[in-house]
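J.: Structure file coords04.tsv, TSV, C-alpha atoms and all ligand atoms, is pasted below:
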chain	number	residue	atom	x	y	z
U	1	MET	CA	0.00	0.00	0.00
U	2	THR	CA	1.29	3.44	-0.85
U	3	ILE	CA	1.52	6.19	1.70
U	4	LEU	CA	-1.40	8.00	0.11
U	5	ASP	CA	-3.56	4.87	0.22
U	6	THR	CA	-2.82	4.52	3.92
U	7	ALA	CA	-3.58	8.20	4.53
U	8	ARG	CA	-6.86	7.88	2.66
U	9	LYS	CA	-7.82	4.85	4.77
U	10	ILE	CA	-7.10	6.73	7.98
U	11	LEU	CA	-9.20	9.69	6.79
U	12	ASN	CA	-12.06	7.33	6.11
U	13	GLU	CA	-12.25	6.62	9.85
U	14	GLY	CA	-13.29	10.21	10.47
U	15	LEU	CA	-12.00	13.73	10.92
U	16	ILE	CA	-8.36	13.71	11.92
U	17	CYS	CA	-6.02	16.61	12.72
U	18	ASP	CA	-2.74	17.29	10.93
U	19	HIS	CA	-0.74	16.15	13.95
U	20	CYS	CA	-2.44	12.80	14.24
U	21	LEU	CA	-2.29	12.09	10.51
U	22	GLY	CA	1.33	13.18	10.16
U	23	ARG	CA	2.35	11.20	13.25
U	24	GLN	CA	1.52	7.91	11.51
U	25	PHE	CA	4.39	8.66	9.13
U	26	ALA	CA	6.69	10.30	11.67
U	27	LYS	CA	9.67	8.11	10.89
U	28	LEU	CA	9.60	8.75	7.14
U	29	SER	CA	11.11	12.17	6.79
U	30	THR	CA	13.31	14.34	8.86
U	31	GLY	CA	13.18	18.05	9.41
U	32	LEU	CA	9.39	18.26	9.45
U	33	SER	CA	7.02	18.28	12.36
U	34	ASN	CA	4.09	15.87	12.35
U	35	ASP	CA	1.54	18.59	11.65
U	36	GLN	CA	3.54	19.78	8.63
U	37	ARG	CA	3.65	16.20	7.42
U	38	GLY	CA	-0.10	15.77	7.95
U	39	LYS	CA	-0.84	19.04	6.17
U	40	ALA	CA	1.25	17.99	3.17
U	41	LEU	CA	-0.51	14.64	2.93
U	42	LYS	CA	-3.90	16.32	3.06
U	43	LEU	CA	-2.83	18.75	0.35
U	44	VAL	CA	-1.78	15.98	-2.03
U	45	LEU	CA	-4.94	14.01	-1.27
U	46	ALA	CA	-7.07	17.10	-1.97
U	47	MET	CA	-5.40	17.59	-5.34
U	48	GLU	CA	-5.90	13.93	-6.16
U	49	ALA	CA	-9.54	14.09	-5.09
U	50	GLY	CA	-9.98	17.14	-7.35
U	51	ALA	CA	-8.39	15.36	-10.30
U	52	GLN	CA	-10.49	12.26	-9.79
U	53	LYS	CA	-13.64	14.22	-8.92
U	54	ASP	CA	-13.89	12.28	-5.63
U	55	GLU	CA	-16.43	14.47	-3.90
U	56	THR	CA	-16.67	12.47	-0.68
U	57	LEU	CA	-12.99	12.81	-0.01
U	58	GLN	CA	-13.02	16.47	-1.08
U	59	GLU	CA	-15.75	17.13	1.43
U	60	LYS	CA	-13.89	15.34	4.19
U	61	LEU	CA	-10.74	17.29	3.53
U	62	ALA	CA	-12.55	20.61	3.30
U	63	LYS	CA	-13.94	20.13	6.79
U	64	SER	CA	-11.50	21.85	9.06
U	65	ALA	CA	-13.64	22.46	12.10
U	66	GLY	CA	-14.69	19.69	14.48
U	67	LYS	CA	-12.93	17.26	16.71
U	68	CYS	CA	-10.07	14.99	15.71
U	69	TRP	CA	-11.31	11.51	16.56
U	70	VAL	CA	-7.85	10.37	17.62
U	71	CYS	CA	-6.73	13.11	20.01
U	72	ASN	CA	-9.86	15.21	20.68
U	73	ASN	CA	-7.89	18.23	19.51
U	74	LEU	CA	-5.33	17.80	22.23
U	75	PHE	CA	-2.71	19.43	20.05
U	76	GLU	CA	-4.61	22.72	20.03
U	77	HIS	CA	-3.70	22.97	23.71
U	78	LEU	CA	0.06	22.65	23.50
U	79	ASP	CA	0.62	26.20	24.71
U	80	SER	CA	-1.69	25.73	27.62
U	81	TRP	CA	0.06	22.47	28.63
U	82	ALA	CA	3.40	24.25	28.37
U	83	GLN	CA	2.06	27.01	30.60
U	84	LYS	CA	0.77	24.51	33.14
U	85	THR	CA	4.14	22.79	33.13
U	86	ILE	CA	5.97	26.03	33.78
U	87	THR	CA	3.61	26.88	36.61
U	88	ALA	CA	4.20	23.47	38.20
U	89	LEU	CA	7.96	23.94	37.88
U	90	SER	CA	7.97	27.51	39.10
U	91	ASP	CA	8.84	26.74	42.72
U	92	TYR	CA	11.85	24.63	41.72
U	93	GLU	CA	15.35	25.46	40.64
U	94	TYR	CA	16.47	23.37	37.64
U	95	GLU	CA	18.80	23.47	34.68
U	96	ASN	CA	17.11	20.76	32.66
U	97	PHE	CA	13.84	18.87	32.65
U	98	LEU	CA	11.83	16.29	30.77
U	99	VAL	CA	8.16	16.21	29.84
U	100	GLY	CA	6.30	12.93	30.17
U	101	THR	CA	2.64	12.07	29.58
U	102	LYS	CA	0.13	9.88	31.29
U	103	VAL	CA	-2.25	9.03	28.47
U	104	THR	CA	-5.92	8.29	29.13
U	105	GLY	CA	-7.37	4.91	28.26
U	106	LEU	CA	-9.56	6.45	25.61
U	107	LEU	CA	-6.67	8.05	23.74
U	108	ALA	CA	-4.67	4.85	23.92
U	109	GLU	CA	-7.58	2.98	22.41
U	110	ASN	CA	-7.97	5.49	19.57
U	111	GLU	CA	-4.32	5.16	18.83
U	112	GLU	CA	-4.64	1.38	18.61
U	113	ILE	CA	-7.37	1.83	16.00
U	114	VAL	CA	-5.27	4.13	13.78
U	115	TRP	CA	-2.35	1.77	14.05
U	116	ALA	CA	-4.55	-1.08	12.92
U	117	GLU	CA	-5.20	0.97	9.76
U	118	SER	CA	-1.77	2.38	9.17
U	119	GLY	CA	0.53	-0.17	10.73
U	120	THR	CA	3.09	0.95	13.30
U	121	THR	CA	6.12	0.82	11.05
U	122	PHE	CA	6.41	4.57	10.57
U	123	ALA	CA	4.22	5.76	13.41
U	124	GLU	CA	5.27	7.42	16.61
U	125	PRO	CA	3.16	7.24	19.79
U	126	LEU	CA	0.95	10.19	20.63
U	127	LYS	CA	2.70	10.82	23.89
U	128	THR	CA	6.10	11.03	22.22
U	129	GLU	CA	4.85	13.87	20.06
U	130	LEU	CA	3.07	15.55	22.95
U	131	ASN	CA	6.15	15.33	25.19
U	132	ARG	CA	8.35	16.77	22.49
U	133	GLU	CA	6.00	19.58	21.47
U	134	VAL	CA	5.30	20.68	25.04
U	135	GLY	CA	9.00	20.29	25.83
U	136	LYS	CA	9.99	22.56	22.93
U	137	ARG	CA	7.61	25.23	24.17
U	138	VAL	CA	8.87	24.99	27.73
U	139	GLU	CA	12.44	25.27	26.46
U	140	LYS	CA	11.56	28.39	24.56
U	141	LEU	CA	9.71	30.05	27.42
U	142	THR	CA	12.17	29.18	30.19
U	143	GLY	CA	15.51	28.97	28.40
U	144	LYS	CA	16.11	25.61	30.15
U	145	ARG	CA	17.00	22.48	28.23
U	146	ALA	CA	15.04	19.27	27.89
U	147	ASN	CA	17.18	16.31	28.93
U	148	LEU	CA	16.13	12.80	27.95
U	149	LYS	CA	18.79	10.88	29.83
U	150	LYS	CA	19.09	12.48	33.22
U	151	PRO	CA	16.54	15.18	33.81
U	152	GLN	CA	16.59	16.97	37.15
U	153	ILE	CA	12.80	17.16	37.05
U	154	VAL	CA	10.21	15.21	35.07
U	155	ALA	CA	6.94	17.06	34.45
U	156	LEU	CA	4.17	14.54	33.97
U	157	LEU	CA	1.17	15.69	31.91
U	158	ASP	CA	-1.84	13.99	33.43
U	159	LEU	CA	-4.39	14.17	30.62
U	160	GLU	CA	-7.15	12.53	32.63
U	161	ASN	CA	-7.02	15.00	35.50
U	162	ASP	CA	-5.87	17.95	33.45
U	163	ASN	CA	-2.89	18.72	35.63
U	164	VAL	CA	0.90	18.45	35.69
U	165	GLY	CA	2.65	16.35	38.31
U	166	LEU	CA	6.37	16.49	39.08
U	167	GLU	CA	9.02	13.89	39.75
U	168	VAL	CA	11.87	15.81	41.28
U	169	ASN	CA	15.13	13.90	41.16
U	170	SER	CA	17.61	14.04	44.01
U	171	LEU	CA	20.63	16.27	44.31
U	172	TYR	CA	23.84	14.47	45.33
U	173	ILE	CA	26.68	15.97	47.31
U	174	TYR	CA	29.95	14.17	47.92
U	175	GLY	CA	32.26	14.88	50.80
U	176	ARG	CA	34.38	13.31	53.51
U	177	TYR	CA	33.66	13.34	57.21
U	178	ARG	CA	35.87	13.15	60.22
U	179	LYS	CA	34.44	11.90	63.49
U	180	LEU	CA	36.31	13.48	66.35
U	181	VAL	CA	34.48	12.02	69.35
U	182	ARG	CA	33.44	8.48	70.18
U	183	GLY	CA	29.90	7.23	70.60
U	184	ILE	CA	28.34	8.65	67.45
U	185	PRO	CA	27.02	6.22	64.86
U	186	GLN	CA	27.19	7.08	61.19
U	187	THR	CA	23.45	6.95	60.66
U	188	ARG	CA	20.39	7.09	62.85
U	189	TRP	CA	20.17	3.98	65.00
U	190	PRO	CA	16.65	3.01	66.09
U	191	CYS	CA	16.13	2.20	69.78
U	192	ARG	CA	16.53	-1.52	70.38
U	193	GLU	CA	13.69	-1.53	72.90
U	194	CYS	CA	10.93	0.17	70.93
U	195	GLY	CA	12.22	-0.07	67.37
U	196	GLY	CA	11.94	3.70	66.93
U	197	LYS	CA	8.47	4.39	68.29
U	198	GLY	CA	9.79	5.99	71.46
U	199	CYS	CA	9.92	4.50	74.94
U	200	GLU	CA	11.26	5.12	78.41
U	201	ARG	CA	14.66	3.71	77.59
U	202	CYS	CA	15.31	6.16	74.76
U	203	GLY	CA	13.55	9.09	76.39
U	204	ASN	CA	10.91	8.95	73.65
U	205	THR	CA	13.44	9.80	70.96
U	206	GLY	CA	13.21	6.35	69.34
U	207	LYS	CA	16.99	6.40	69.06
U	208	MET	CA	19.84	4.44	70.62
U	209	TYR	CA	22.15	7.41	70.22
U	210	GLN	CA	21.00	10.97	70.27
U	211	GLU	CA	23.22	12.06	67.42
U	212	SER	CA	24.65	10.55	64.27
U	213	VAL	CA	26.89	11.84	61.50
U	214	ASP	CA	23.88	11.72	59.22
U	215	GLU	CA	21.70	13.76	61.57
U	216	LEU	CA	24.41	16.34	62.20
U	217	ILE	CA	24.39	17.04	58.44
U	218	LYS	CA	20.71	16.61	57.60
U	219	PRO	CA	19.07	19.80	58.93
U	220	HIS	CA	21.64	22.00	57.19
U	221	LEU	CA	20.98	20.38	53.83
U	222	ILE	CA	17.23	20.47	54.33
U	223	THR	CA	17.44	24.21	54.88
U	224	ALA	CA	19.91	24.85	52.06
U	225	ALA	CA	18.18	22.72	49.41
U	226	ARG	CA	14.65	23.19	50.76
U	227	CYS	CA	14.28	19.45	50.30
U	228	GLU	CA	11.81	17.01	51.82
U	229	ASP	CA	14.33	14.60	53.24
U	230	THR	CA	17.93	13.46	52.93
U	231	ALA	CA	19.65	10.08	52.64
U	232	PHE	CA	23.17	9.39	53.79
U	233	HIS	CA	25.46	6.98	51.91
U	234	GLY	CA	28.84	6.21	53.46
U	235	ALA	CA	31.82	4.38	51.99
U	236	GLY	CA	31.61	1.75	54.71
U	237	ARG	CA	31.35	2.75	58.33
U	238	GLU	CA	33.46	2.71	61.44
U	239	ASP	CA	32.28	1.34	64.75
U	240	ILE	CA	30.31	3.70	66.93
U	241	ASP	CA	33.14	3.86	69.44
U	242	ALA	CA	35.81	4.44	66.79
U	243	LEU	CA	37.09	7.81	65.68
U	244	MET	CA	37.39	8.68	62.01
U	245	LEU	CA	40.43	10.87	61.54
U	246	GLY	CA	42.90	11.82	58.83
U	247	GLU	CA	41.36	12.81	55.51
U	248	GLY	CA	37.98	11.51	56.61
U	249	ARG	CA	35.60	8.92	55.22
U	250	PRO	CA	33.94	9.51	51.83
U	251	PHE	CA	30.18	9.86	51.76
U	252	VAL	CA	27.39	11.12	49.55
U	253	VAL	CA	24.40	12.89	50.99
U	254	GLU	CA	21.29	12.97	48.88
U	255	ALA	CA	18.77	15.80	49.02
U	256	LYS	CA	15.35	14.40	48.11
U	257	LYS	CA	12.94	16.57	46.11
U	258	PRO	CA	15.11	19.68	46.39
U	259	HIS	CA	13.68	23.10	45.53
U	260	ILE	CA	17.16	24.59	45.45
U	261	ARG	CA	20.10	23.10	43.54
U	262	LYS	CA	22.59	25.93	43.42
U	263	ILE	CA	23.76	25.56	46.99
U	264	ASP	CA	26.82	27.40	48.20
U	265	LEU	CA	28.79	24.38	49.41
U	266	ASP	CA	31.34	26.43	51.37
U	267	THR	CA	28.53	27.93	53.41
U	268	LEU	CA	26.91	24.53	53.87
U	269	GLU	CA	30.23	23.06	55.00
U	270	SER	CA	30.96	25.76	57.55
U	271	GLY	CA	27.36	25.69	58.75
U	272	ILE	CA	27.58	21.96	59.48
U	273	ASN	CA	31.00	22.24	61.10
U	274	ASN	CA	30.15	25.19	63.32
U	275	LYS	CA	27.00	23.57	64.62
U	276	ALA	CA	28.67	20.20	65.18
U	277	GLU	CA	30.96	21.80	67.75
U	278	GLY	CA	33.94	19.58	67.12
U	279	LYS	CA	32.04	16.29	67.16
U	280	ILE	CA	32.26	15.80	63.45
U	281	GLU	CA	33.70	17.76	60.58
U	282	VAL	CA	32.85	17.57	56.88
U	283	LEU	CA	35.23	18.58	54.13
U	284	GLY	CA	35.62	18.71	50.38
U	285	LEU	CA	31.91	18.99	49.53
U	286	LYS	CA	31.15	18.86	45.81
U	287	PHE	CA	28.21	18.06	43.55
U	288	VAL	CA	28.18	14.60	41.97
U	289	GLU	CA	25.91	12.39	39.87
U	290	SER	CA	23.76	9.62	41.33
U	291	GLU	CA	26.22	6.94	40.11
U	292	THR	CA	28.70	8.04	42.73
U	293	VAL	CA	26.54	6.38	45.37
U	294	GLU	CA	27.00	2.99	43.70
U	295	GLN	CA	30.72	3.57	43.27
U	296	LEU	CA	30.98	4.48	46.91
U	297	LYS	CA	29.13	1.37	48.03
U	298	SER	CA	31.26	-0.97	45.95
U	299	MET	CA	34.50	0.77	46.84
U	300	LYS	CA	36.95	-1.66	48.37
U	301	ALA	CA	39.15	1.01	49.81
U	302	ASN	CA	42.12	0.37	52.00
U	303	LYS	CA	41.89	1.47	55.59
U	304	VAL	CA	44.46	2.60	58.08
U	305	TYR	CA	43.56	2.16	61.73
U	306	ARG	CA	45.22	3.30	64.90
U	307	LEU	CA	44.30	1.05	67.78
U	308	LYS	CA	45.07	0.92	71.44
U	309	ILE	CA	45.24	-2.63	72.72
U	310	GLU	CA	45.37	-4.35	76.04
U	311	HIS	CA	47.89	-7.18	76.39
U	312	SER	CA	50.14	-9.07	78.75
U	313	THR	CA	53.23	-9.55	76.65
U	314	THR	CA	56.62	-8.06	75.94
U	315	GLU	CA	57.50	-5.44	73.35
U	316	GLU	CA	59.72	-7.92	71.53
U	317	LYS	CA	57.01	-10.57	71.25
U	318	LEU	CA	54.43	-8.03	70.12
U	319	LYS	CA	56.81	-6.70	67.48
U	320	SER	CA	57.49	-10.12	66.04
U	321	SER	CA	53.75	-10.97	65.96
U	322	LEU	CA	53.09	-7.77	64.06
U	323	ASP	CA	55.88	-8.62	61.64
U	324	ILE	CA	54.24	-11.97	60.92
U	325	ILE	CA	50.89	-10.32	60.26
U	326	SER	CA	52.31	-7.69	57.88
U	327	GLY	CA	51.66	-8.67	54.28
U	328	THR	CA	49.56	-11.66	55.35
U	329	LEU	CA	46.10	-12.78	54.26
U	330	ILE	CA	43.75	-13.03	57.22
U	331	LYS	CA	40.88	-15.53	57.20
U	332	GLN	CA	37.87	-14.30	59.11
U	333	ASN	CA	34.52	-15.77	59.93
U	334	THR	CA	31.85	-13.16	60.60
U	335	PRO	CA	32.64	-11.85	64.11
U	336	THR	CA	30.55	-13.14	66.99
U	337	ARG	CA	29.56	-9.57	67.90
U	338	VAL	CA	27.77	-8.98	64.57
U	339	LEU	CA	26.62	-12.53	63.94
U	340	HIS	CA	23.09	-11.68	65.08
U	341	ARG	CA	22.59	-9.32	62.15
U	342	ARG	CA	24.92	-10.72	59.48
U	343	ALA	CA	25.30	-14.06	57.79
U	344	ASN	CA	28.23	-16.21	58.78
U	345	LEU	CA	30.71	-15.89	55.93
U	346	GLU	CA	34.37	-16.57	55.63
U	347	ARG	CA	36.29	-13.70	54.14
U	348	VAL	CA	39.94	-13.17	53.35
U	349	ARG	CA	41.50	-9.74	53.70
U	350	LYS	CA	45.08	-8.62	53.51
U	351	VAL	CA	47.02	-6.70	56.12
U	352	HIS	CA	49.40	-4.48	54.14
U	353	SER	CA	51.56	-3.26	56.98
U	354	THR	CA	51.69	-2.87	60.72
U	355	GLU	CA	53.53	-0.57	63.04
U	356	LEU	CA	54.02	-0.48	66.75
U	357	GLU	CA	53.59	3.16	67.61
U	358	SER	CA	54.10	2.92	71.35
U	359	PHE	CA	54.43	0.25	74.01
U	360	ASP	CA	53.52	0.27	77.70
U	361	THR	CA	53.01	-2.40	80.32
U	362	ASN	CA	49.62	-3.90	79.42
U	363	THR	CA	48.81	-1.44	76.64
U	364	ALA	CA	50.22	-0.57	73.23
U	365	VAL	CA	49.28	1.52	70.23
U	366	LEU	CA	49.37	-0.08	66.79
U	367	VAL	CA	48.83	1.29	63.32
U	368	ILE	CA	47.41	-1.22	60.86
U	369	ASP	CA	47.06	-0.64	57.14
U	370	CYS	CA	44.73	-3.21	55.59
U	371	GLU	CA	42.15	-3.97	52.97
U	372	GLY	CA	38.66	-2.59	53.55
U	373	GLY	CA	36.28	-5.05	55.16
U	374	LEU	CA	38.81	-6.52	57.58
U	375	TYR	CA	37.44	-6.76	61.09
U	376	VAL	CA	40.35	-5.23	62.90
U	377	LYS	CA	39.12	-5.83	66.46
U	378	GLU	CA	39.03	-9.56	65.71
U	379	LEU	CA	42.42	-9.38	64.02
U	380	VAL	CA	43.74	-8.55	67.49
U	381	SER	CA	41.53	-10.77	69.68
U	382	GLY	CA	41.21	-13.76	67.35
U	383	ASP	CA	37.50	-14.04	68.20
U	384	ASN	CA	37.93	-17.55	69.67
U	385	GLY	CA	39.70	-18.86	66.63
U	386	ARG	CA	37.25	-17.37	64.14
U	387	THR	CA	39.99	-15.06	62.82
U	388	VAL	CA	43.28	-16.68	61.74
U	389	PRO	CA	45.99	-15.63	62.22
U	390	SER	CA	45.45	-13.13	65.02
U	391	VAL	CA	47.69	-11.09	67.27
U	392	ALA	CA	46.39	-12.88	70.36
U	393	ALA	CA	47.04	-16.36	68.93
U	394	LEU	CA	50.54	-15.41	67.86
U	395	LEU	CA	51.30	-13.97	71.27
U	396	GLY	CA	49.77	-16.93	73.02
U	397	CYS	CA	47.98	-14.62	75.43
U	398	GLY	CA	44.86	-12.50	75.40
U	399	ALA	CA	44.88	-9.21	73.51
U	400	LYS	CA	42.03	-6.88	72.72
U	401	VAL	CA	41.30	-3.49	71.24
U	402	ILE	CA	40.26	-0.85	73.73
U	403	GLU	CA	40.28	2.20	71.46
U	404	LEU	CA	39.96	2.46	67.71
U	405	GLU	CA	40.51	5.26	65.23
U	406	VAL	CA	40.26	5.18	61.49
U	407	ILE	CA	42.98	7.44	60.23
U	408	LYS	CA	42.66	6.89	56.51
U	409	VAL	CA	40.09	5.57	54.04
U	410	GLY	CA	41.09	4.99	50.42
S	1	ZN	ZN	-5.48	14.72	16.50
S	2	ZN	ZN	12.90	3.36	72.69
What would you get if you wrote out this structure as structure tokens?

T.:
Amino acid sequence: MTILDTARKILNEGLICDHCLGRQFAKLSTGLSNDQRGKALKLVLAMEAGAQKDETLQEKLAKSAGKCWVCNNLFEHLDSWAQKTITALSDYEYENFLVGTKVTGLLAENEEIVWAESGTTFAEPLKTELNREVGKRVEKLTGKRANLKKPQIVALLDLENDNVGLEVNSLYIYGRYRKLVRGIPQTRWPCRECGGKGCERCGNTGKMYQESVDELIKPHLITAARCEDTAFHGAGREDIDALMLGEGRPFVVEAKKPHIRKIDLDTLESGINNKAEGKIEVLGLKFVESETVEQLKSMKANKVYRLKIEHSTTEEKLKSSLDIISGTLIKQNTPTRVLHRRANLERVRKVHSTELESFDTNTAVLVIDCEGGLYVKELVSGDNGRTVPSVAALLGCGAKVIELEVIKVG
């Protein structure tokens, strides 16, 4: 069937607008919009009808008023949809956006009928055209760019309810944090007694610990981004009683549904640090893409720990045990202390180097540089033979960590 035959068949179904006719051949020529394509087809058909004295078709083509049976004249309202979109977006800061459409059942059905006539080989869906046409208008009116791959905001045209909904994508900020006091978890830790509802034990806060790194950052970002909520993603975590020193631990904090995206990160950084009063410190804040969260989670960074241990051995013996552990692969079963919330797995992690920083009767300070994921407390204690080799086993006497600091991540 020729293109004109197909067009004639579609016209036989009833009055159709230039957009809807042209859209059935959208993939056939470039540089034209669907309505231009539809208009051209109608023009050729009108000339043909004149030549062949086909009065029925002439009449059909002459009729310009009335409703398009496919779209109900939806395309006459492109400007109004663009305006509605801009109004919906007006309270948000954005550089780029995307228009999407929620089509009604009726329109979808009409489209199925045209496709049955014309075939779908050259056709484009109604919503693709609508999204593009409204998008072009929004671009023109706002000066912002449509972005198909990673829009900051998706404006969803809801044809049924005649309104525009928004999907506001998160804003991601990368940084590193230092934890300068002990007893602060990385993220909010629900009360063990009440599970977060609030009880006597937690003073109705629902929390095991009153502060966390996450919560010391959150209110500042909520104010700066005017966002609904935040999510904290750390590159691993240190124990609650461990310090995080040195360059700090990498993290990404996510602002959910932000109204503001152009945040002054220096101000945010100093705001967080001033309010945290030396408990934590954030540094090196910068904007990143969402993928950074995944990269952060899968990062097998090396860690350097400084630990204070308790022992009952001599400096010489401790030194030689540490020498044995340097450069060695350590086999660890999941530590007893976390077995209640993690599966029992055997893992192998390398200790790159060790150093005895200071030695006293019964205590000593070690620096251990190892692969991420090594349970360093168990490396010292041996965890009843669940970690092999261990400092305690090599010494042949008990040894345990009494203070822990992370001094480098990555
Ligand atoms: Zn139409
Ligand atoms: Zn509680």

J.: For ligand ZN 1 (chain S), list the contacting residues at 12 Å or closer, counting all atoms listed in the file, as a ChimeraX atom specification.

T.: /U:10-11,14-24,34-35,38,64,66-78,107,110-111,114,125-127,129-130

J.: Could the residues in this selection be saved with C-alpha atoms as a short mmCIF file (atom, residue, chain, number, x, y, z; two decimals), in the coordinates of the input?

T.:
data_model
loop_
_atom_site.label_atom_id
_atom_site.label_comp_id
_atom_site.auth_asym_id
_atom_site.auth_seq_id
_atom_site.Cartn_x
_atom_site.Cartn_y
_atom_site.Cartn_z
CA ILE U 10 -7.10 6.73 7.98
CA LEU U 11 -9.20 9.69 6.79
CA GLY U 14 -13.29 10.21 10.47
CA LEU U 15 -12.00 13.73 10.92
CA ILE U 16 -8.36 13.71 11.92
CA CYS U 17 -6.02 16.61 12.72
CA ASP U 18 -2.74 17.29 10.93
CA HIS U 19 -0.74 16.15 13.95
CA CYS U 20 -2.44 12.80 14.24
CA LEU U 21 -2.29 12.09 10.51
CA GLY U 22 1.33 13.18 10.16
CA ARG U 23 2.35 11.20 13.25
CA GLN U 24 1.52 7.91 11.51
CA ASN U 34 4.09 15.87 12.35
CA ASP U 35 1.54 18.59 11.65
CA GLY U 38 -0.10 15.77 7.95
CA SER U 64 -11.50 21.85 9.06
CA GLY U 66 -14.69 19.69 14.48
CA LYS U 67 -12.93 17.26 16.71
CA CYS U 68 -10.07 14.99 15.71
CA TRP U 69 -11.31 11.51 16.56
CA VAL U 70 -7.85 10.37 17.62
CA CYS U 71 -6.73 13.11 20.01
CA ASN U 72 -9.86 15.21 20.68
CA ASN U 73 -7.89 18.23 19.51
CA LEU U 74 -5.33 17.80 22.23
CA PHE U 75 -2.71 19.43 20.05
CA GLU U 76 -4.61 22.72 20.03
CA HIS U 77 -3.70 22.97 23.71
CA LEU U 78 0.06 22.65 23.50
CA LEU U 107 -6.67 8.05 23.74
CA ASN U 110 -7.97 5.49 19.57
CA GLU U 111 -4.32 5.16 18.83
CA VAL U 114 -5.27 4.13 13.78
CA PRO U 125 3.16 7.24 19.79
CA LEU U 126 0.95 10.19 20.63
CA LYS U 127 2.70 10.82 23.89
CA GLU U 129 4.85 13.87 20.06
CA LEU U 130 3.07 15.55 22.95
#

J.: Can you build me a table of region 164-235 of chain U residues sitting at most 8 Å from region 81-102 of chain U, with the closest atom pair per residue and its distance in Å to one decimal, using all atoms listed in the file, sorted by chain and residue number, as CSV?

T.:
residue,atom,partner,partner_atom,distance
U:Val164,CA,U:Thr85,CA,6.0
U:Gly165,CA,U:Ala88,CA,7.3
U:Leu166,CA,U:Ala88,CA,7.4

J.: Those residues with C-alpha atoms, as a short mmCIF file (atom, residue, chain, number, x, y, z; two decimals), in the frame of the given file please?

T.:
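For reference, part-v7.cif as written:
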data_model
loop_
_atom_site.label_atom_id
_atom_site.label_comp_id
_atom_site.auth_asym_id
_atom_site.auth_seq_id
_atom_site.Cartn_x
_atom_site.Cartn_y
_atom_site.Cartn_z
CA VAL U 164 0.90 18.45 35.69
CA GLY U 165 2.65 16.35 38.31
CA LEU U 166 6.37 16.49 39.08
#

J.: If we count only C-alpha atoms, what is near Leu374 (chain U) at a cut-off of 9 Å, once residues fewer than 2 positions away on the same chain are taken out, given as a list in words?

T.: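 Counting only the stated atoms, we get Lys303, Ile330, Gln332, Arg347, Val348, Arg349, Lys350, Val351, Cys370, Glu371, Gly372, Val376, Lys377, Glu378 and Leu379 of chain U.
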
J.: Pick out the residues sitting within 8 Å of Met208 (chain U), and hand them over as a list in words; count all atoms listed in the file, and ignore anything fewer than 2 positions along from it in its own chain.

T.: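 So, after excluding close chain neighbours, the residues are Trp189, Pro190, Cys191, Arg192, Cys202, Gly206 and Gln210 of chain U.
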
J.: Could you pull out the residues sitting within 7 Å of ligand ZN 2 (chain S), using all atoms listed in the file, and write them as a list of chain:residue names?

T.: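 Answer in the requested format: U:Cys191, U:Arg192, U:Glu193, U:Cys194, U:Gly195, U:Gly196, U:Lys197, U:Gly198, U:Cys199, U:Glu200, U:Arg201, U:Cys202, U:Gly203, U:Asn204, U:Thr205, U:Gly206, U:Lys207.
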
J.: Grab the CA of Ala235 (chain U) to CA of Ile153 (chain U) distance for me, in Å with one decimal place.

T.: 27.4 Å

J.: Rank U:Leu285, U:Ala231, U:Ala224, U:Ile309 by their smallest atom-to-atom distance to His259 (chain U), using all atoms listed in the file, and report the top residue only.

T.: U:Ala224

J.: Have a look at U:Glu346, U:Glu357, U:Asp54, U:Glu289 and name the one nearest to Leu318 (chain U); count only C-alpha atoms.

T.: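 Result for the nearest residue to Leu318 (chain U): U:Glu357.
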
J.: Could I get the residues of region 280-375 of chain U with an atom no further than 8 Å from an atom of region 380-388 of chain U, each paired with its nearest atom pair and that distance in Å to one decimal, using all atoms listed in the file, sorted by chain and residue number, as JSON lines?

T.:
{"residue": "U:Ile330", "atom": "CA", "partner": "U:Val388", "partner_atom": "CA", "distance": 5.8}
{"residue": "U:Lys331", "atom": "CA", "partner": "U:Val388", "partner_atom": "CA", "distance": 5.3}
{"residue": "U:Gln332", "atom": "CA", "partner": "U:Thr387", "partner_atom": "CA", "distance": 4.3}
{"residue": "U:Asn333", "atom": "CA", "partner": "U:Arg386", "partner_atom": "CA", "distance": 5.3}
{"residue": "U:Thr334", "atom": "CA", "partner": "U:Arg386", "partner_atom": "CA", "distance": 7.7}
{"residue": "U:Pro335", "atom": "CA", "partner": "U:Asp383", "partner_atom": "CA", "distance": 6.7}
{"residue": "U:Thr336", "atom": "CA", "partner": "U:Asp383", "partner_atom": "CA", "distance": 7.1}

J.: Ranking U:Thr267, U:Ser290, U:Asn274, U:Asn344 by minimum distance to His233 (chain U) and counting only C-alpha atoms, which one comes first?

T.: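 For His233 (chain U), the nearest of the candidates is U:Ser290.
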
J.: I'd like to know which of U:Arg176, U:Leu307, U:Leu394, U:Thr328 is closest to Ala364 (chain U), using all atoms listed in the file.

T.: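 For Ala364 (chain U), the nearest of the candidates is U:Leu307.
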
J.: What is the CA of Val103 (chain U)-CA of Asp162 (chain U) distance in Å, reported with one decimal?

T.: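 Going from CA of Val103 (chain U) over to CA of Asp162 (chain U), I get 10.8 Å.
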
J.: Considering only C-alpha atoms, state which residue in the set U:Glu48, U:Asp264, U:Glu403, U:Glu315 is at the smallest distance from Asp360 (chain U).

T.: U:Glu315

J.: What is the distance between CA of Ser170 (chain U) and CA of Lys408 (chain U), in Å to one decimal?

T.: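 Interatomic distance, CA of Ser170 (chain U) to CA of Lys408 (chain U): 28.9 Å.
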
J.: Considering all atoms listed in the file, state which residue in the set U:Asn163, U:Thr187, U:Thr223, U:Ser212 is at the smallest distance from Gly271 (chain U).

T.: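 Using all atoms listed in the file, the shortest distance to Gly271 (chain U) belongs to U:Thr223.
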